[in-house]
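Since the structure comes first, as structure tokens, the remarks are kept for the end.
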Amino acid sequence: MTLQFGNPWKHSIRYAVLGLALVATVGALAACAPAGAASTPQPGSAAVAQPAYADRRILWIDSYHAEYDWSKEVEEGLRSVLDGTGAELKIVRMDTKRNPSDEYGKQAAVSAKAEIDAFQPDVIIASDDPAQKYLIVPYVKDTDAPVVFCCVNWDASGYGYPASNVTGMLEIDLVPQMVELLKPHAKGDRIGYISGDNLTDQKVVKIYNERFFDGQMEAILVKTFDEFKSAYVKMQDEVDILYFGNNAGIEGWDDAQAEDFVTQNARIPSGSRSSWMAPFVLVTVAKLGQEQGEWSAQAALRILDGTPVSDIAVTENKQGKLFLNLKIAEQLGVAFAPSMLRNAEIYGVEAANQ
């Protein structure tokens, strides 16, 4: 069932804002668990003759790189399901976050396609938009190769998904929830957006403006750390709430320098959608890459059990986690409610206590 955000604060606070998994998610994962996985003996058991999925191959096409925090989260989710099943997991990294050009993406897809041909996977898992745009759509869609996508931002219809051999999980940002948390600390309702200039954020800006902000969100996508600093200072005077999408791919980015810079220059409340952005914004309502990886791995095992791809419906993420930054809160004079502090992961406790 598709999660609706029409009245997000009323229906989502228990899980999306307070960081608790939607109870229905647990049941959904249990319902989609492959038959073989339920009966797979634990590694080391005397009864183990052969893992349930021995000699089966799963290829994960990661749009990004191994050091990227989101890729780490997705991989953690994949391995939490696949480890011990006997299925061989091979990983191909396209590295498009650090190399966002269209020319590079096309060449990375050619290399990834060669890996597919050599490995001959039983199921392909493809994460994030670049893998769909450059690889799956031109080379794999509507073939006999089963594909499970994940981390596709908001809408996959532009790729022609779902397709005869493609299903997956969309990546939905908890935007209304974050804005509701920031509004009490803002002087107005003007929204600004800063992020690295890449395929994902170009898509996100368009969708945010269409779905949430009636085209009124001011957006600046930057390529360098110096451009980010200029844009950040500019936004302090031009908007009332700042959404900082992602620092990945910003040339010259330095975490320590960036943290000092935003803490010293923050005059308006800010938020983000990713856990690793917590040091740079007041409030983070983070999606979980682990959820994307877990669901994709479960779907892949269902396909290995014989479930047709067309029987697995496209879905959306339903889990979130709240982070609060006390260093920036102190700079802004913000005091969080005790109920929020109890249900959040806190950043900057030491500095706030000095």
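Identifiers in the structure tokens: chain A, B, ... in order shown; residue index from 1 per chain; ligand index from 1 in order shown.
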Practice item. From a DSSP pass on the backbone, collect the residues of range 124-303 of chain A flagged as helix (DSSP H, G or I) and hand them back as a PyMOL selection string. Key: chain A and resi 129-140+157-159+175-185+199-211+225-238+255-265+275-280+289-303
Review point. Near Glu103 in chain A, counting only C-alpha atoms, which residues have an atom at most 12 Å away, once you skip same-chain residues fewer than 5 positions from it, shown as a list in words?
Key: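 Returned residues: Thr96, Ala108, Ala109, Val110, Pro130 and Tyr134 of chain A.
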Against range 234-257 of chain A, which residues of range 92-198 of chain A fall within 6 Å? For each one I want the closest pair of atoms and the distance in Å (one decimal), counting only C-alpha atoms, rows by chain and increasing residue number, as a tab-separated table.
residue	atom	partner	partner_atom	distance
A:Lys97	CA	A:Gly249	CA	5.6
A:Arg98	CA	A:Gly249	CA	5.0
A:Ala186	CA	A:Asp240	CA	5.7
A:Gly188	CA	A:Asp240	CA	5.4
A:Asp189	CA	A:Asp240	CA	5.9
A:Arg190	CA	A:Val239	CA	4.8
A:Ile191	CA	A:Ile241	CA	5.0
A:Gly192	CA	A:Leu242	CA	4.7
A:Tyr193	CA	A:Tyr243	CA	4.7
A:Ile194	CA	A:Phe244	CA	4.9
A:Ser195	CA	A:Gly245	CA	4.8
A:Gly196	CA	A:Ile250	CA	5.4
Saved selection, atoms kept: N, CA and C atoms, as a compact mmCIF listing (two decimals), in the first residue's frame:
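Below is the file that was written, part28.txt:
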# COMPACT_ATOMS: atom_id res chain seq x y z
N LYS A 97 28.22 9.84 -8.37
CA LYS A 97 28.11 10.98 -7.46
C LYS A 97 29.35 11.86 -7.56
N ARG A 98 30.51 11.23 -7.68
CA ARG A 98 31.76 11.99 -7.80
C ARG A 98 32.05 12.37 -9.24
N ALA A 186 11.06 29.60 12.72
CA ALA A 186 11.26 30.45 11.54
C ALA A 186 10.43 31.72 11.65
N GLY A 188 9.22 33.28 8.97
CA GLY A 188 8.28 33.30 7.86
C GLY A 188 8.22 31.94 7.20
N ASP A 189 7.67 31.88 6.00
CA ASP A 189 7.49 30.59 5.34
C ASP A 189 8.22 30.48 4.01
N ARG A 190 9.18 31.36 3.75
CA ARG A 190 9.98 31.26 2.52
C ARG A 190 10.97 30.10 2.65
N ILE A 191 10.98 29.25 1.62
CA ILE A 191 11.80 28.04 1.66
C ILE A 191 12.96 28.15 0.67
N GLY A 192 14.16 27.76 1.13
CA GLY A 192 15.32 27.71 0.25
C GLY A 192 15.93 26.32 0.23
N TYR A 193 16.63 25.99 -0.84
CA TYR A 193 17.23 24.67 -1.01
C TYR A 193 18.64 24.82 -1.55
N ILE A 194 19.59 24.19 -0.86
CA ILE A 194 20.98 24.14 -1.32
C ILE A 194 21.40 22.67 -1.40
N SER A 195 22.14 22.32 -2.45
CA SER A 195 22.68 20.97 -2.55
C SER A 195 23.74 20.95 -3.64
N GLY A 196 24.44 19.81 -3.74
CA GLY A 196 25.35 19.61 -4.85
C GLY A 196 24.58 19.54 -6.15
Check your understanding: In range 89-209 of chain A, what's strand (DSSP E or B) per DSSP? Answer as a ChimeraX atom specification?
Key -> /A:89-93,123-127,147-153,163,166-171,191-196
Counting only C-alpha atoms, which residues of range 119-216 of chain A sit at most 10 Å from some atom of range 320-324 of chain A, and what is each one's closest atom pair with its distance in Å to one decimal, listed by chain and rising residue number, as JSON lines?
{"residue": "A:Asp173", "atom": "CA", "partner": "A:Gly320", "partner_atom": "CA", "distance": 9.2}
{"residue": "A:Leu174", "atom": "CA", "partner": "A:Gly320", "partner_atom": "CA", "distance": 7.9}
{"residue": "A:Met178", "atom": "CA", "partner": "A:Leu322", "partner_atom": "CA", "distance": 9.3}
Write to file, as a compact mmCIF listing (two decimals), in the first residue's frame, the residues of the selection just made, with C-alpha atoms.
# COMPACT_ATOMS: atom_id res chain seq x y z
CA ASP A 173 11.73 12.27 1.50
CA LEU A 174 9.81 13.22 4.63
CA MET A 178 10.71 18.34 8.55
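Considering the residues A:Leu332, A:Ile61, A:Ala300, A:Ala219 and counting only C-alpha atoms, Pro269 in chain A has its shortest atom-to-atom contact with A:Leu332.
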Review point. Using only C-alpha atoms, which residue out of A:Val137, A:Val147, A:Leu304, A:Leu182 lies closest to Thr85 in chain A?
Key: A:Leu304
**Study point:** For CA of Ser270 in chain A and CA of Gly289 in chain A, the interatomic separation in Å (one decimal)
**Key:**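 CA of Gly289 in chain A lies at a distance of 21.8 Å from CA of Ser270 in chain A.
The environment of range 334-346 of chain A within 9 Å, counting only C-alpha atoms and disregarding residues fewer than 2 places along the same chain, consists of Val17, Leu18, Gly19, Leu20, His185, Pro269, Ala278, Lys321, Leu322, Phe323, Leu324, Asn325, Leu326, Ile328, Ala329, Glu330, Gln331, Leu332, Gly348 and Val349 of chain A.
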Could you please take those selected residues and save N, CA and C atoms as a PDB file, in the first residue's frame?
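Below is the file that was written, out-v9.pdb:
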ATOM      1  N   VAL A  17       8.823  10.955  12.245  1.00  0.00           N
ATOM      2  CA  VAL A  17       9.477  12.026  12.968  1.00  0.00           C
ATOM      3  C   VAL A  17      10.152  11.533  14.220  1.00  0.00           C
ATOM      4  N   LEU A  18       9.568  10.615  14.917  1.00  0.00           N
ATOM      5  CA  LEU A  18      10.160  10.112  16.145  1.00  0.00           C
ATOM      6  C   LEU A  18      11.085   8.942  15.897  1.00  0.00           C
ATOM      7  N   GLY A  19      11.296   8.587  14.639  1.00  0.00           N
ATOM      8  CA  GLY A  19      12.305   7.584  14.315  1.00  0.00           C
ATOM      9  C   GLY A  19      11.880   6.168  14.588  1.00  0.00           C
ATOM     10  N   LEU A  20      10.580   5.907  14.673  1.00  0.00           N
ATOM     11  CA  LEU A  20      10.097   4.558  14.927  1.00  0.00           C
ATOM     12  C   LEU A  20       9.607   3.954  13.632  1.00  0.00           C
ATOM     13  N   HIS A 185      10.459  27.761  14.599  1.00  0.00           N
ATOM     14  CA  HIS A 185      11.695  28.501  14.813  1.00  0.00           C
ATOM     15  C   HIS A 185      12.002  29.461  13.667  1.00  0.00           C
ATOM     16  N   PRO A 269      16.602  28.523  10.689  1.00  0.00           N
ATOM     17  CA  PRO A 269      16.568  27.068  10.910  1.00  0.00           C
ATOM     18  C   PRO A 269      16.782  26.306   9.605  1.00  0.00           C
ATOM     19  N   ALA A 278      23.526  15.606   9.553  1.00  0.00           N
ATOM     20  CA  ALA A 278      23.181  16.114  10.887  1.00  0.00           C
ATOM     21  C   ALA A 278      24.163  17.150  11.423  1.00  0.00           C
ATOM     22  N   LYS A 321      14.261   8.575  10.812  1.00  0.00           N
ATOM     23  CA  LYS A 321      14.973   8.782  12.075  1.00  0.00           C
ATOM     24  C   LYS A 321      15.232  10.273  12.252  1.00  0.00           C
ATOM     25  N   LEU A 322      15.058  10.750  13.493  1.00  0.00           N
ATOM     26  CA  LEU A 322      15.195  12.164  13.808  1.00  0.00           C
ATOM     27  C   LEU A 322      16.554  12.454  14.435  1.00  0.00           C
ATOM     28  N   PHE A 323      17.234  13.493  13.915  1.00  0.00           N
ATOM     29  CA  PHE A 323      18.486  13.991  14.482  1.00  0.00           C
ATOM     30  C   PHE A 323      18.311  15.469  14.835  1.00  0.00           C
ATOM     31  N   LEU A 324      18.838  15.873  15.996  1.00  0.00           N
ATOM     32  CA  LEU A 324      18.805  17.272  16.419  1.00  0.00           C
ATOM     33  C   LEU A 324      20.230  17.746  16.678  1.00  0.00           C
ATOM     34  N   ASN A 325      20.565  18.932  16.184  1.00  0.00           N
ATOM     35  CA  ASN A 325      21.907  19.486  16.313  1.00  0.00           C
ATOM     36  C   ASN A 325      21.891  20.587  17.360  1.00  0.00           C
ATOM     37  N   LEU A 326      22.477  20.310  18.535  1.00  0.00           N
ATOM     38  CA  LEU A 326      22.438  21.263  19.634  1.00  0.00           C
ATOM     39  C   LEU A 326      23.425  22.408  19.445  1.00  0.00           C
ATOM     40  N   ILE A 328      23.996  24.029  16.561  1.00  0.00           N
ATOM     41  CA  ILE A 328      23.280  25.031  15.776  1.00  0.00           C
ATOM     42  C   ILE A 328      22.093  25.574  16.560  1.00  0.00           C
ATOM     43  N   ALA A 329      21.454  24.727  17.364  1.00  0.00           N
ATOM     44  CA  ALA A 329      20.343  25.195  18.199  1.00  0.00           C
ATOM     45  C   ALA A 329      20.810  26.306  19.131  1.00  0.00           C
ATOM     46  N   GLU A 330      21.991  26.125  19.719  1.00  0.00           N
ATOM     47  CA  GLU A 330      22.531  27.150  20.613  1.00  0.00           C
ATOM     48  C   GLU A 330      22.799  28.446  19.850  1.00  0.00           C
ATOM     49  N   GLN A 331      23.336  28.325  18.645  1.00  0.00           N
ATOM     50  CA  GLN A 331      23.613  29.494  17.810  1.00  0.00           C
ATOM     51  C   GLN A 331      22.330  30.266  17.497  1.00  0.00           C
ATOM     52  N   LEU A 332      21.230  29.536  17.289  1.00  0.00           N
ATOM     53  CA  LEU A 332      19.951  30.158  16.915  1.00  0.00           C
ATOM     54  C   LEU A 332      19.079  30.503  18.111  1.00  0.00           C
ATOM     55  N   GLY A 348      26.161  17.193  18.874  1.00  0.00           N
ATOM     56  CA  GLY A 348      26.704  18.398  19.480  1.00  0.00           C
ATOM     57  C   GLY A 348      26.402  18.549  20.943  1.00  0.00           C
ATOM     58  N   VAL A 349      26.208  17.439  21.656  1.00  0.00           N
ATOM     59  CA  VAL A 349      25.893  17.501  23.077  1.00  0.00           C
ATOM     60  C   VAL A 349      27.041  18.149  23.845  1.00  0.00           C
TER      61      VAL A 349
END
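Counting only C-alpha atoms and comparing A:Asn99, A:Ser157, A:Gln290, A:Asn198, the residue that lies closest to Ser275 in chain A is A:Gln290.
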